[in-house]
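Engineer: The structure file start-v4.tsv (TSV, C-alpha atoms) is provided below.
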```tsv
chain	number	residue	atom	x	y	z
A	1	MET	CA	-27.88	20.71	-32.90
A	2	VAL	CA	-25.09	21.90	-30.56
A	3	THR	CA	-23.47	25.12	-31.69
A	4	ASP	CA	-19.71	25.61	-31.76
A	5	ASP	CA	-19.98	27.84	-28.69
A	6	GLY	CA	-21.92	25.12	-26.91
A	7	THR	CA	-19.35	22.51	-27.86
A	8	ARG	CA	-16.52	24.68	-26.60
A	9	GLY	CA	-18.42	25.30	-23.39
A	10	ARG	CA	-18.92	21.60	-22.78
A	11	LEU	CA	-15.30	20.89	-23.58
A	12	ALA	CA	-14.17	23.61	-21.17
A	13	GLN	CA	-16.41	22.17	-18.46
A	14	TRP	CA	-15.05	18.68	-19.13
A	15	LEU	CA	-11.50	19.97	-18.79
A	16	TRP	CA	-11.99	22.27	-15.76
A	17	ARG	CA	-14.92	20.89	-13.77
A	18	PRO	CA	-14.17	21.13	-10.03
A	19	PRO	CA	-13.60	17.98	-7.94
A	20	ARG	CA	-16.41	16.19	-6.14
A	21	PRO	CA	-16.74	17.53	-2.59
A	22	HIS	CA	-16.74	15.31	0.48
A	23	GLY	CA	-19.90	13.31	0.97
A	24	GLU	CA	-20.56	12.75	-2.73
A	25	THR	CA	-19.14	9.24	-2.85
A	26	ILE	CA	-19.92	7.09	-5.87
A	27	THR	CA	-20.92	3.66	-4.63
A	28	GLY	CA	-20.89	0.56	-6.77
A	29	ARG	CA	-18.36	1.89	-9.25
A	30	THR	CA	-15.49	-0.19	-10.62
A	31	VAL	CA	-11.82	0.74	-10.61
A	32	SER	CA	-11.09	2.71	-13.78
A	33	PHE	CA	-8.37	2.13	-16.36
A	34	LEU	CA	-6.92	5.48	-15.33
A	35	GLU	CA	-6.45	4.24	-11.75
A	36	LEU	CA	-4.85	1.03	-12.99
A	37	PHE	CA	-2.45	3.07	-15.13
A	38	TYR	CA	-1.66	5.28	-12.13
A	39	ASP	CA	-0.85	2.25	-9.96
A	40	LEU	CA	1.45	0.91	-12.65
A	41	VAL	CA	3.89	3.77	-12.08
A	42	TYR	CA	4.34	2.63	-8.49
A	43	VAL	CA	5.70	-0.66	-9.80
A	44	ALA	CA	8.74	1.30	-10.98
A	45	VAL	CA	9.06	3.40	-7.82
A	46	ILE	CA	8.76	0.45	-5.45
A	47	GLY	CA	11.00	-1.71	-7.63
A	48	GLN	CA	13.79	0.86	-7.41
A	49	ALA	CA	13.47	1.09	-3.62
A	50	ALA	CA	13.47	-2.71	-3.31
A	51	HIS	CA	16.57	-2.92	-5.50
A	52	HIS	CA	18.47	-0.87	-2.92
A	53	LEU	CA	17.48	-3.30	-0.15
A	54	ALA	CA	18.38	-6.33	-2.27
A	55	GLU	CA	21.92	-4.96	-2.60
A	56	ASN	CA	22.16	-3.85	1.06
A	57	VAL	CA	20.70	-6.65	3.17
A	58	SER	CA	21.57	-5.36	6.63
A	59	VAL	CA	19.95	-3.67	9.59
A	60	ARG	CA	20.78	-0.25	8.18
A	61	GLY	CA	19.66	-1.19	4.69
A	62	THR	CA	16.37	-2.49	6.06
A	63	ALA	CA	15.78	0.70	8.08
A	64	GLU	CA	16.55	2.87	5.05
A	65	PHE	CA	14.19	0.84	2.90
A	66	GLY	CA	11.46	1.01	5.53
A	67	VAL	CA	11.57	4.81	5.65
A	68	VAL	CA	11.63	5.26	1.86
A	69	PHE	CA	8.85	2.71	1.37
A	70	ALA	CA	6.69	4.47	3.96
A	71	LEU	CA	7.02	7.74	2.04
A	72	ILE	CA	6.10	5.98	-1.21
A	73	TRP	CA	3.09	4.31	0.42
A	74	ILE	CA	1.87	7.60	1.89
A	75	ALA	CA	2.09	9.18	-1.57
A	76	TRP	CA	0.07	6.30	-3.05
A	77	VAL	CA	-2.60	6.50	-0.35
A	78	ASN	CA	-3.08	10.23	-0.84
A	79	GLY	CA	-3.30	9.93	-4.61
A	80	THR	CA	-5.64	6.96	-4.34
A	81	LEU	CA	-7.98	8.59	-1.82
A	82	TYR	CA	-8.22	11.73	-3.94
A	83	LEU	CA	-9.19	9.75	-7.03
A	84	GLU	CA	-11.64	7.57	-5.10
A	85	LEU	CA	-13.36	10.36	-3.20
A	86	HIS	CA	-13.08	13.37	-5.50
A	87	GLY	CA	-12.10	12.30	-9.00
A	88	ARG	CA	-14.43	12.39	-11.98
A	89	GLU	CA	-14.61	10.82	-15.40
A	90	ASP	CA	-13.38	13.99	-17.06
A	91	GLY	CA	-10.37	15.66	-18.61
A	92	ARG	CA	-9.35	17.54	-15.47
A	93	THR	CA	-8.99	14.34	-13.49
A	94	ARG	CA	-7.03	12.70	-16.29
A	95	ASN	CA	-4.61	15.61	-16.59
A	96	ILE	CA	-4.12	15.71	-12.81
A	97	VAL	CA	-3.33	12.01	-12.74
A	98	PHE	CA	-0.88	12.29	-15.63
A	99	VAL	CA	0.92	15.15	-13.88
A	100	GLN	CA	1.27	12.99	-10.78
A	101	MET	CA	2.53	10.09	-12.87
A	102	ALA	CA	5.17	12.26	-14.52
A	103	VAL	CA	6.46	13.38	-11.13
A	104	LEU	CA	6.42	9.78	-9.86
A	105	VAL	CA	8.50	8.62	-12.84
A	106	LEU	CA	11.11	11.18	-11.86
A	107	LEU	CA	10.83	10.04	-8.24
A	108	ALA	CA	11.57	6.46	-9.33
A	109	VAL	CA	14.84	7.61	-10.88
A	110	TYR	CA	16.11	8.68	-7.44
A	111	ALA	CA	14.37	6.03	-5.30
A	112	ALA	CA	17.11	3.38	-5.51
A	113	ASP	CA	19.69	5.58	-3.78
A	114	ALA	CA	17.31	7.86	-1.90
A	115	ALA	CA	18.88	7.06	1.48
A	116	ASP	CA	22.29	8.25	0.35
A	117	GLY	CA	23.58	9.97	-2.79
A	118	SER	CA	20.21	10.70	-4.41
A	119	GLY	CA	18.56	11.86	-1.20
A	120	ARG	CA	18.46	15.55	-2.13
A	121	PRO	CA	16.82	15.19	-5.55
A	122	PHE	CA	14.48	12.52	-4.13
A	123	ALA	CA	13.35	14.95	-1.42
A	124	LEU	CA	12.88	17.79	-3.90
A	125	VAL	CA	10.80	15.65	-6.26
A	126	TYR	CA	8.81	14.18	-3.37
A	127	ALA	CA	8.10	17.70	-2.07
A	128	MET	CA	6.92	18.60	-5.57
A	129	PHE	CA	4.55	15.63	-5.54
A	130	LEU	CA	3.20	16.59	-2.10
A	131	THR	CA	2.70	20.14	-3.34
A	132	VAL	CA	0.47	18.86	-6.15
A	133	LEU	CA	-1.51	16.78	-3.67
A	134	THR	CA	-1.82	19.69	-1.23
A	135	TRP	CA	-3.26	21.85	-3.98
A	136	LEU	CA	-5.71	19.07	-4.92
A	137	TRP	CA	-6.93	18.64	-1.34
A	138	TYR	CA	-7.20	22.42	-0.98
A	139	SER	CA	-9.40	22.51	-4.09
A	140	VAL	CA	-11.64	19.92	-2.43
A	141	ARG	CA	-11.88	22.00	0.75
A	142	ARG	CA	-12.78	25.05	-1.32
A	143	GLN	CA	-15.58	23.02	-2.91
A	144	ASP	CA	-16.74	21.84	0.52
A	145	ARG	CA	-17.23	25.46	1.55
A	146	TRP	CA	-20.24	25.72	-0.76
A	147	ASP	CA	-21.57	22.17	-0.82
A	148	HIS	CA	-20.67	20.41	2.45
A	149	PRO	CA	-19.43	22.87	5.12
A	150	GLU	CA	-19.63	20.15	7.78
A	151	PHE	CA	-16.36	18.73	6.37
A	152	LEU	CA	-14.48	22.04	6.39
A	153	ALA	CA	-12.73	21.45	9.73
A	154	VAL	CA	-11.54	17.94	8.86
A	155	ALA	CA	-10.41	18.97	5.37
A	156	GLY	CA	-8.71	22.07	6.74
A	157	ARG	CA	-6.61	20.09	9.20
A	158	TYR	CA	-5.65	17.65	6.48
A	159	VAL	CA	-4.58	20.40	4.08
A	160	THR	CA	-2.57	22.04	6.86
A	161	GLY	CA	-0.85	18.76	7.64
A	162	MET	CA	-0.01	18.26	3.97
A	163	GLY	CA	1.41	21.76	3.77
A	164	VAL	CA	3.61	21.17	6.79
A	165	ALA	CA	4.83	17.92	5.23
A	166	VAL	CA	5.84	19.78	2.07
A	167	VAL	CA	7.95	22.22	4.11
A	168	VAL	CA	9.55	19.46	6.20
A	169	ILE	CA	10.50	17.36	3.19
A	170	LEU	CA	11.77	20.41	1.33
A	171	VAL	CA	14.00	21.42	4.26
A	172	SER	CA	15.29	17.84	4.55
A	173	ALA	CA	16.71	18.08	1.04
A	174	PHE	CA	19.44	20.37	2.37
A	175	LEU	CA	20.46	18.15	5.30
A	176	PRO	CA	23.20	15.48	5.36
A	177	ALA	CA	22.09	11.95	4.51
A	178	GLN	CA	21.61	10.54	8.01
A	179	PRO	CA	19.71	13.51	9.53
A	180	ARG	CA	17.64	13.65	6.35
A	181	LEU	CA	16.58	10.04	6.82
A	182	VAL	CA	15.64	10.76	10.44
A	183	VAL	CA	13.47	13.67	9.30
A	184	TRP	CA	11.77	11.43	6.74
A	185	ALA	CA	11.12	8.79	9.40
A	186	CYS	CA	9.64	11.40	11.74
A	187	SER	CA	7.48	12.78	8.92
A	188	ALA	CA	6.10	9.33	8.04
A	189	THR	CA	5.50	8.53	11.71
A	190	ALA	CA	3.69	11.83	12.22
A	191	TRP	CA	1.45	11.09	9.24
A	192	VAL	CA	0.52	7.65	10.63
A	193	LEU	CA	-0.09	9.00	14.13
A	194	GLY	CA	-2.11	11.90	12.73
A	195	MET	CA	-4.41	9.50	10.87
A	196	MET	CA	-4.82	7.39	14.01
A	197	VAL	CA	-5.73	10.45	16.07
A	198	ALA	CA	-8.18	11.62	13.40
A	199	GLY	CA	-9.86	8.23	13.43
A	200	ARG	CA	-10.35	8.37	17.19
A	201	SER	CA	-11.25	12.04	17.61
A	202	GLU	CA	-13.97	12.18	14.94
A	203	PRO	CA	-14.79	8.57	13.98
A	204	ALA	CA	-18.24	9.29	12.55
A	205	ARG	CA	-17.15	12.31	10.51
A	206	LEU	CA	-14.04	10.56	9.22
A	207	TYR	CA	-16.07	7.54	8.16
A	208	GLN	CA	-18.39	9.86	6.22
A	209	ALA	CA	-15.40	11.55	4.60
A	210	VAL	CA	-13.58	8.31	3.74
A	211	PRO	CA	-16.17	5.55	3.35
A	212	PRO	CA	-14.73	2.11	2.49
A	213	THR	CA	-16.38	1.62	-0.88
A	214	GLU	CA	-15.94	-1.57	-2.86
A	215	SER	CA	-13.66	0.24	-5.30
A	216	LEU	CA	-11.42	1.54	-2.48
A	217	VAL	CA	-11.12	-1.92	-0.98
A	218	GLU	CA	-10.28	-3.21	-4.44
A	219	ARG	CA	-7.57	-0.56	-4.89
A	220	PHE	CA	-5.81	-1.69	-1.72
A	221	GLY	CA	-6.00	-5.26	-2.97
A	222	LEU	CA	-4.50	-4.22	-6.29
A	223	PHE	CA	-1.64	-2.46	-4.51
A	224	THR	CA	-1.00	-5.68	-2.59
A	225	ILE	CA	-0.75	-7.47	-5.93
A	226	ILE	CA	1.78	-4.86	-7.07
A	227	VAL	CA	4.07	-5.60	-4.13
A	228	LEU	CA	3.55	-9.34	-4.56
A	229	GLY	CA	5.10	-8.79	-7.96
A	230	GLU	CA	8.28	-7.78	-6.13
A	231	VAL	CA	8.51	-11.36	-4.87
A	232	VAL	CA	8.49	-12.55	-8.47
A	233	PHE	CA	11.06	-9.90	-9.41
A	234	GLY	CA	13.20	-11.00	-6.46
A	235	VAL	CA	13.21	-14.63	-7.59
A	236	VAL	CA	13.88	-13.66	-11.20
A	237	GLY	CA	16.64	-11.28	-10.14
A	238	GLY	CA	18.29	-13.88	-7.93
A	239	LEU	CA	18.21	-16.57	-10.61
A	240	SER	CA	19.40	-14.17	-13.31
A	241	ALA	CA	22.40	-12.96	-11.31
A	242	HIS	CA	23.83	-16.37	-10.38
A	243	ASP	CA	24.62	-19.76	-11.89
A	244	ARG	CA	21.36	-21.50	-12.66
A	245	ASP	CA	22.20	-24.99	-11.45
A	246	THR	CA	19.71	-27.40	-9.91
A	247	LYS	CA	20.09	-26.25	-6.30
A	248	THR	CA	19.87	-22.55	-7.18
A	249	ILE	CA	16.77	-23.02	-9.33
A	250	THR	CA	15.17	-25.24	-6.69
A	251	THR	CA	15.79	-22.62	-4.02
A	252	GLY	CA	14.23	-19.94	-6.20
A	253	MET	CA	11.14	-21.99	-6.99
A	254	ILE	CA	10.59	-22.84	-3.33
A	255	ALA	CA	11.06	-19.16	-2.40
A	256	LEU	CA	8.32	-18.30	-4.87
A	257	GLY	CA	6.01	-20.35	-2.65
A	258	ILE	CA	6.38	-17.70	0.08
A	259	GLY	CA	4.83	-15.15	-2.26
A	260	PHE	CA	2.06	-17.60	-3.12
A	261	GLY	CA	1.45	-18.10	0.59
A	262	PHE	CA	1.11	-14.35	1.15
A	263	TRP	CA	-1.41	-14.20	-1.69
A	264	TRP	CA	-3.59	-17.00	-0.29
A	265	ILE	CA	-3.57	-15.60	3.23
A	266	TYR	CA	-4.25	-11.97	2.31
A	267	PHE	CA	-6.97	-12.47	-0.30
A	268	ASP	CA	-8.79	-15.34	1.39
A	269	LEU	CA	-8.66	-13.93	4.94
A	270	VAL	CA	-8.92	-10.14	4.62
A	271	GLY	CA	-8.91	-9.16	0.95
A	272	ARG	CA	-12.12	-7.66	-0.51
A	273	ARG	CA	-13.66	-7.43	2.97
A	274	PRO	CA	-14.58	-3.89	4.14
A	275	PRO	CA	-13.85	-2.55	7.63
A	276	ARG	CA	-16.52	-1.80	10.23
A	277	PRO	CA	-18.52	1.41	9.71
A	278	ASN	CA	-16.57	3.79	11.95
A	279	GLY	CA	-13.47	5.95	11.64
A	280	VAL	CA	-11.37	3.95	14.11
A	281	ALA	CA	-11.84	0.70	12.20
A	282	MET	CA	-11.39	2.50	8.89
A	283	MET	CA	-8.03	3.96	9.92
A	284	GLY	CA	-6.93	0.65	11.44
A	285	TRP	CA	-7.76	-1.13	8.19
A	286	LEU	CA	-6.04	1.51	6.06
A	287	LEU	CA	-2.87	1.84	8.14
A	288	SER	CA	-2.42	-1.91	8.64
A	289	HIS	CA	-1.78	-2.19	4.91
A	290	LEU	CA	1.48	-0.28	5.34
A	291	PRO	CA	3.27	-3.11	7.22
A	292	ILE	CA	1.59	-5.74	5.03
A	293	THR	CA	2.85	-4.26	1.77
A	294	LEU	CA	6.21	-3.27	3.25
A	295	SER	CA	6.84	-6.82	4.49
A	296	ILE	CA	5.94	-8.42	1.16
A	297	THR	CA	8.20	-6.03	-0.76
A	298	ALA	CA	11.10	-6.59	1.65
A	299	ALA	CA	10.63	-10.36	1.37
A	300	GLY	CA	11.06	-10.10	-2.39
A	301	ALA	CA	14.28	-8.15	-1.93
A	302	ALA	CA	15.60	-10.71	0.57
A	303	MET	CA	15.06	-13.53	-1.93
A	304	VAL	CA	17.77	-12.14	-4.20
A	305	SER	CA	20.34	-12.67	-1.45
A	306	MET	CA	18.94	-16.03	-0.39
A	307	ILE	CA	19.09	-17.43	-3.92
A	308	GLY	CA	22.62	-16.08	-4.28
A	309	HIS	CA	23.64	-18.17	-1.25
A	310	ALA	CA	21.78	-21.30	-2.38
A	311	HIS	CA	24.90	-23.48	-1.95
A	312	ASP	CA	25.69	-22.27	1.59
A	313	ALA	CA	25.27	-24.66	4.49
A	314	SER	CA	23.21	-22.04	6.33
A	315	THR	CA	21.36	-18.91	5.24
A	316	PRO	CA	23.34	-15.72	6.00
A	317	ALA	CA	22.14	-14.16	9.26
A	318	SER	CA	21.11	-10.82	7.75
A	319	THR	CA	19.13	-12.51	4.98
A	320	ALA	CA	17.52	-14.99	7.37
A	321	TRP	CA	16.38	-12.34	9.82
A	322	LEU	CA	15.13	-10.07	7.03
A	323	LEU	CA	13.03	-12.77	5.37
A	324	SER	CA	11.72	-14.39	8.54
A	325	GLY	CA	11.10	-10.97	10.07
A	326	THR	CA	9.08	-9.79	7.08
A	327	VAL	CA	6.95	-12.95	7.17
A	328	ALA	CA	6.33	-12.41	10.89
A	329	LEU	CA	5.53	-8.72	10.37
A	330	GLY	CA	3.16	-9.53	7.52
A	331	LEU	CA	1.25	-12.04	9.64
A	332	ILE	CA	0.93	-9.65	12.59
A	333	ALA	CA	-0.27	-6.90	10.23
A	334	VAL	CA	-2.90	-9.24	8.78
A	335	ILE	CA	-4.16	-9.76	12.35
A	336	LEU	CA	-4.56	-5.98	12.67
A	337	THR	CA	-6.41	-5.84	9.37
A	338	ALA	CA	-8.69	-8.69	10.40
A	339	ARG	CA	-9.56	-6.97	13.69
A	340	SER	CA	-10.89	-3.96	11.77
A	341	LEU	CA	-13.18	-5.93	9.45
A	342	ALA	CA	-16.95	-5.95	9.62
A	343	ASP	CA	-16.71	-9.73	9.32
A	344	ALA	CA	-14.58	-9.91	12.48
A	345	GLU	CA	-17.66	-9.29	14.63
A	346	ARG	CA	-19.96	-11.49	12.59
A	347	LEU	CA	-17.40	-14.30	12.40
A	348	GLU	CA	-15.68	-13.96	15.75
A	349	VAL	CA	-15.61	-17.76	16.03
A	350	VAL	CA	-13.36	-17.74	12.95
A	351	TYR	CA	-11.19	-14.66	13.37
A	352	ARG	CA	-10.32	-14.99	17.05
A	353	PRO	CA	-8.59	-18.41	16.79
A	354	LEU	CA	-7.20	-17.33	13.41
A	355	SER	CA	-5.48	-14.34	15.01
A	356	LEU	CA	-3.92	-16.62	17.63
A	357	ALA	CA	-2.76	-19.02	14.92
A	358	MET	CA	-1.16	-16.24	12.87
A	359	ALA	CA	0.60	-14.91	15.97
A	360	GLY	CA	1.97	-18.42	16.50
A	361	GLY	CA	2.99	-18.53	12.84
A	362	ALA	CA	4.86	-15.24	13.25
A	363	GLY	CA	6.74	-16.71	16.20
A	364	ALA	CA	7.53	-19.87	14.22
A	365	ALA	CA	8.90	-17.77	11.35
A	366	LEU	CA	11.27	-16.00	13.74
A	367	VAL	CA	12.44	-19.36	15.10
A	368	VAL	CA	13.25	-20.45	11.54
A	369	GLY	CA	15.19	-17.21	11.08
A	370	TRP	CA	17.14	-17.90	14.27
A	371	ALA	CA	17.93	-21.48	13.17
A	372	ARG	CA	19.18	-20.35	9.73
A	373	PRO	CA	19.03	-23.67	7.84
A	374	THR	CA	20.34	-24.01	4.30
A	375	PRO	CA	18.46	-21.64	1.92
A	376	TRP	CA	16.24	-24.19	0.18
A	377	LEU	CA	15.11	-25.63	3.52
A	378	PHE	CA	14.75	-22.13	4.98
A	379	ALA	CA	12.39	-21.11	2.17
A	380	MET	CA	10.48	-24.39	2.42
A	381	LEU	CA	9.87	-23.96	6.16
A	382	LEU	CA	8.55	-20.42	5.73
A	383	ALA	CA	6.31	-21.51	2.85
A	384	ALA	CA	5.10	-24.42	5.01
A	385	ILE	CA	4.17	-22.05	7.85
A	386	LEU	CA	2.05	-19.96	5.49
A	387	THR	CA	0.47	-23.10	4.02
A	388	VAL	CA	-0.45	-24.53	7.42
A	389	LEU	CA	-1.99	-21.20	8.45
A	390	TRP	CA	-4.09	-21.11	5.30
A	391	PHE	CA	-5.39	-24.64	5.84
A	392	PHE	CA	-6.22	-23.77	9.44
A	393	ALA	CA	-8.12	-20.71	8.23
A	394	ALA	CA	-9.89	-22.66	5.49
A	395	THR	CA	-11.20	-25.27	7.92
A	396	ARG	CA	-12.48	-22.52	10.25
A	397	PHE	CA	-14.23	-20.65	7.45
A	398	LEU	CA	-15.79	-23.80	6.03
A	399	ARG	CA	-16.92	-24.96	9.46
A	400	ALA	CA	-18.67	-21.61	9.95
A	401	ASP	CA	-20.07	-21.77	6.39
A	402	ALA	CA	-18.38	-18.40	5.75
A	403	TRP	CA	-16.89	-19.17	2.34
A	404	GLY	CA	-19.62	-18.68	-0.21
A	405	GLU	CA	-19.47	-17.98	-3.92
A	406	GLU	CA	-17.86	-14.58	-3.28
A	407	ARG	CA	-14.83	-16.25	-1.71
A	408	SER	CA	-14.54	-18.68	-4.58
A	409	HIS	CA	-14.09	-15.70	-6.89
A	410	SER	CA	-11.06	-14.25	-5.13
A	411	PRO	CA	-9.04	-11.72	-7.20
```
Starting from the coordinates I provided, produce the structure as structure tokens.

Structural biologist:
Amino acid sequence: MVTDDGTRGRLAQWLWRPPRPHGETITGRTVSFLELFYDLVYVAVIGQAAHHLAENVSVRGTAEFGVVFALIWIAWVNGTLYLELHGREDGRTRNIVFVQMAVLVLLAVYAADAADGSGRPFALVYAMFLTVLTWLWYSVRRQDRWDHPEFLAVAGRYVTGMGVAVVVILVSAFLPAQPRLVVWACSATAWVLGMMVAGRSEPARLYQAVPPTESLVERFGLFTIIVLGEVVFGVVGGLSAHDRDTKTITTGMIALGIGFGFWWIYFDLVGRRPPRPNGVAMMGWLLSHLPITLSITAAGAAMVSMIGHAHDASTPASTAWLLSGTVALGLIAVILTARSLADAERLEVVYRPLSLAMAGGAGAALVVGWARPTPWLFAMLLAAILTVLWFFAATRFLRADAWGEERSHSP
């Protein structure tokens, strides 16, 4: 029988057990309910950022959204990688996640107007979130010192980079709106470039530190589903804000087909497929999800404006370029993801012509944006491009006998 002292000792260990060090990856695990709950908070954060774009469909509005979304995505990636690589099924991990969620809820409050009036509090809260993550990654490095010293250099550079990011974001809080946004853009760009350099300088070590487990691949797929929800929100928001006559409803329902097209293409072509076993491919796979998820979210925001102009003879130029541009960007990003996959080498006969077809589809989407037909036709043409690409991919996969039972159980 366990004594009271023993029970307290076990409880203390459950609440304060240190994180898993690098190299102690758990393979074959499933995504936990805690991770699903964590991702749910990003629905609110991303939704607020997308709301700003929906009300400011312009070149400036798009740029502002792109910068804010990049910061949100970087926060999600860091939180996700920590949980995947170093989290445990214990009280410490739960409490850490709940602290992050509380900060993210506050971040969502300021996300809608982060590029302007709420920029200062957004930066302060974001710096707070990065501080929590920096401490978490430092705790991992401290654990590596005793268990896996071969990862000390990589972890040390990462912790240093996170610390610098905290200072930069904190300083930006006291700048005027436009310089602040420039600092944020530079910070996000530096993070992306830093990960690219890390992937090329130490590909083997980085792959050992961040192996693409099934659960990690699944998490990125789940985040893609989160942003696909913004397409649904965009259609609902557009229909709710305007007269729901036949043409408006028809435009909204056709626009929903663009989101369906994104789903088919992502999950049947690259979803649930791991990258090749090296750091370069791993970073290419990871970073290519930034433009994929950004483009899907922006497309959802653009649908609000498109549905609002359902009775116009032609789609407004800003809305047309935003929606066609996001479709084009999403397709190009899927090409980048596909190039990093382990299947890309095994199924070169499939992925090489598929990449060419998607590049052609991106060009066709831009042509549709230039033509600016009436909104219902505009949405139908973009949905048709995605549909044709999927059928082209399906015939290639089936011809190569590359769609087995696993593909028939897409998420």

Engineer: Enter the distance from CA of Gly252 (chain A) to CA of Val235 (chain A), in Å, rounded to one decimal.

Structural biologist: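 These atoms are spaced 5.6 Å apart.
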
Engineer: Name the closest residue to Met303 (chain A) among the candidates A:Thr131, A:Ser288, A:Thr319, A:Thr337; distances are taken between atoms, counting all atoms listed in the file.

Structural biologist: A:Thr319

Engineer: Measure the distance from CA of Phe129 (chain A) to CA of Arg200 (chain A) in Å and round it to one decimal.

Structural biologist: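 Atom-to-atom, CA of Phe129 (chain A) to CA of Arg200 (chain A), that is 28.1 Å.
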
Engineer: Any idea what's packed within 10 Å of Gly325 (chain A), counting only C-alpha atoms, ignoring anything in its chain fewer than 4 positions away? Could you give it as a VMD selection string?

Structural biologist: chain A and resid 295 298 to 299 319 to 321 329 to 331 362 to 363 365 to 369

Engineer: Quick one: pull the distance between CA of Val171 (chain A) and CA of Trp137 (chain A), Å, one decimal.

Structural biologist: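 Interatomic distance here is 21.8 Å.
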
Engineer: With a distance cut-off of 12 Å and all atoms listed in the file, select the neighbouring residues of Ala383 (chain A), excluding the residue or stretch itself and same-chain residues fewer than 6 positions from it, and output the selection as a ChimeraX atom specification.

Structural biologist: /A:251,253-265,323-324,327,361,364-365,368,376-377,389-390

Engineer: With only C-alpha atoms counted and 12 Å as the cut-off, give the residues of region 186-207 of chain A in contact with region 166-170 of chain A, each with its shortest interatomic distance in Å and the pair that gives it, as a Markdown table.

Structural biologist:
```
| residue | atom | partner | partner_atom | distance |
| --- | --- | --- | --- | --- |
| A:Cys186 | CA | A:Val168 | CA | 9.8 |
| A:Ser187 | CA | A:Val168 | CA | 7.5 |
| A:Ala188 | CA | A:Ile169 | CA | 10.4 |
| A:Ala190 | CA | A:Val168 | CA | 11.3 |
```

Engineer: Can you build me a table of region 206-225 of chain A residues sitting at most 10 Å from region 84-94 of chain A, with the closest atom pair per residue and its distance in Å to one decimal, using all atoms listed in the file, sorted by chain and residue number, as a Markdown table?

Structural biologist:
```
| residue | atom | partner | partner_atom | distance |
| --- | --- | --- | --- | --- |
| A:Ala209 | CA | A:Leu85 | CA | 8.1 |
| A:Val210 | CA | A:Leu85 | CA | 7.2 |
| A:Pro211 | CA | A:Leu85 | CA | 8.6 |
| A:Pro212 | CA | A:Glu84 | CA | 9.8 |
| A:Thr213 | CA | A:Glu84 | CA | 8.7 |
| A:Ser215 | CA | A:Glu84 | CA | 7.6 |
| A:Leu216 | CA | A:Glu84 | CA | 6.6 |
| A:Arg219 | CA | A:Glu84 | CA | 9.1 |
```

Engineer: Do a neighbour search on Met195 (chain A) at 8 Å with all atoms listed in the file, toss out local chain neighbours closer than 4 positions, and write the hits as a VMD selection string.

Structural biologist: chain A and resid 191 199 283

Engineer: I need the residue nearest Thr189 (chain A) from this list: A:Ala359, A:Leu290, A:Asn78, A:Leu336. Use all atoms listed in the file for the distance.

Structural biologist: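 Among the listed residues, A:Leu290 lies closest to Thr189 (chain A).
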
Engineer: Choose the residue, out of A:Thr293, A:Thr315, A:Thr250, A:Thr62, that has the smallest atom-to-atom separation from Phe220 (chain A); count all atoms listed in the file.

Structural biologist: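 So, comparing all the options, the nearest one is A:Thr293.
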
Engineer: Out of A:Leu239, A:Ala400, A:Ala281, A:Leu133, which residue has the shortest atom-to-atom distance to Ala310 (chain A) when counting only C-alpha atoms?

Structural biologist: A:Leu239

Engineer: From the set A:Arg352, A:Val159, A:Ala317, A:Met358, which residue has the shortest atom-to-atom contact distance to Ala371 (chain A), counting only C-alpha atoms?

Structural biologist: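 For Ala371 (chain A), the nearest of the candidates is A:Ala317.
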
Engineer: Every residue with an atom at most 12 Å from (-16.1, -3.6, 8.6) (file coordinates; only C-alpha atoms) is what I'm after, so could you write them as a VMD selection string?

Structural biologist: chain A and resid 207 211 to 214 217 270 to 286 337 to 347

Engineer: Go through A:Asn95, A:Ser305, A:Gln13, A:Ser314 and flag the residue nearest Arg372 (chain A), using all atoms listed in the file for the distances.

Structural biologist: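 Residue with the minimum atom-to-atom distance to Arg372 (chain A): A:Ser314.
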
Engineer: Neighbours of region 142-149 of chain A within 12 Å (all atoms listed in the file; same-chain residues fewer than 2 positions away dropped), as a PyMOL selection string?

Structural biologist: chain A and resi 17-24+86+135-140+151-156+159+205+208-209

Engineer: Taking C-alpha atoms for each residue, export the selection above as an mmCIF file, keeping the file's coordinate frame.

Structural biologist:
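result_4.cif was written with the following content:
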```cif
data_model
loop_
_atom_site.group_PDB
_atom_site.id
_atom_site.type_symbol
_atom_site.label_atom_id
_atom_site.label_comp_id
_atom_site.auth_asym_id
_atom_site.auth_seq_id
_atom_site.Cartn_x
_atom_site.Cartn_y
_atom_site.Cartn_z
ATOM 1 C CA ARG A 17 -14.920 20.890 -13.770
ATOM 2 C CA PRO A 18 -14.170 21.130 -10.030
ATOM 3 C CA PRO A 19 -13.600 17.980 -7.940
ATOM 4 C CA ARG A 20 -16.410 16.190 -6.140
ATOM 5 C CA PRO A 21 -16.740 17.530 -2.590
ATOM 6 C CA HIS A 22 -16.740 15.310 0.480
ATOM 7 C CA GLY A 23 -19.900 13.310 0.970
ATOM 8 C CA GLU A 24 -20.560 12.750 -2.730
ATOM 9 C CA HIS A 86 -13.080 13.370 -5.500
ATOM 10 C CA TRP A 135 -3.260 21.850 -3.980
ATOM 11 C CA LEU A 136 -5.710 19.070 -4.920
ATOM 12 C CA TRP A 137 -6.930 18.640 -1.340
ATOM 13 C CA TYR A 138 -7.200 22.420 -0.980
ATOM 14 C CA SER A 139 -9.400 22.510 -4.090
ATOM 15 C CA VAL A 140 -11.640 19.920 -2.430
ATOM 16 C CA PHE A 151 -16.360 18.730 6.370
ATOM 17 C CA LEU A 152 -14.480 22.040 6.390
ATOM 18 C CA ALA A 153 -12.730 21.450 9.730
ATOM 19 C CA VAL A 154 -11.540 17.940 8.860
ATOM 20 C CA ALA A 155 -10.410 18.970 5.370
ATOM 21 C CA GLY A 156 -8.710 22.070 6.740
ATOM 22 C CA VAL A 159 -4.580 20.400 4.080
ATOM 23 C CA ARG A 205 -17.150 12.310 10.510
ATOM 24 C CA GLN A 208 -18.390 9.860 6.220
ATOM 25 C CA ALA A 209 -15.400 11.550 4.600
#
```
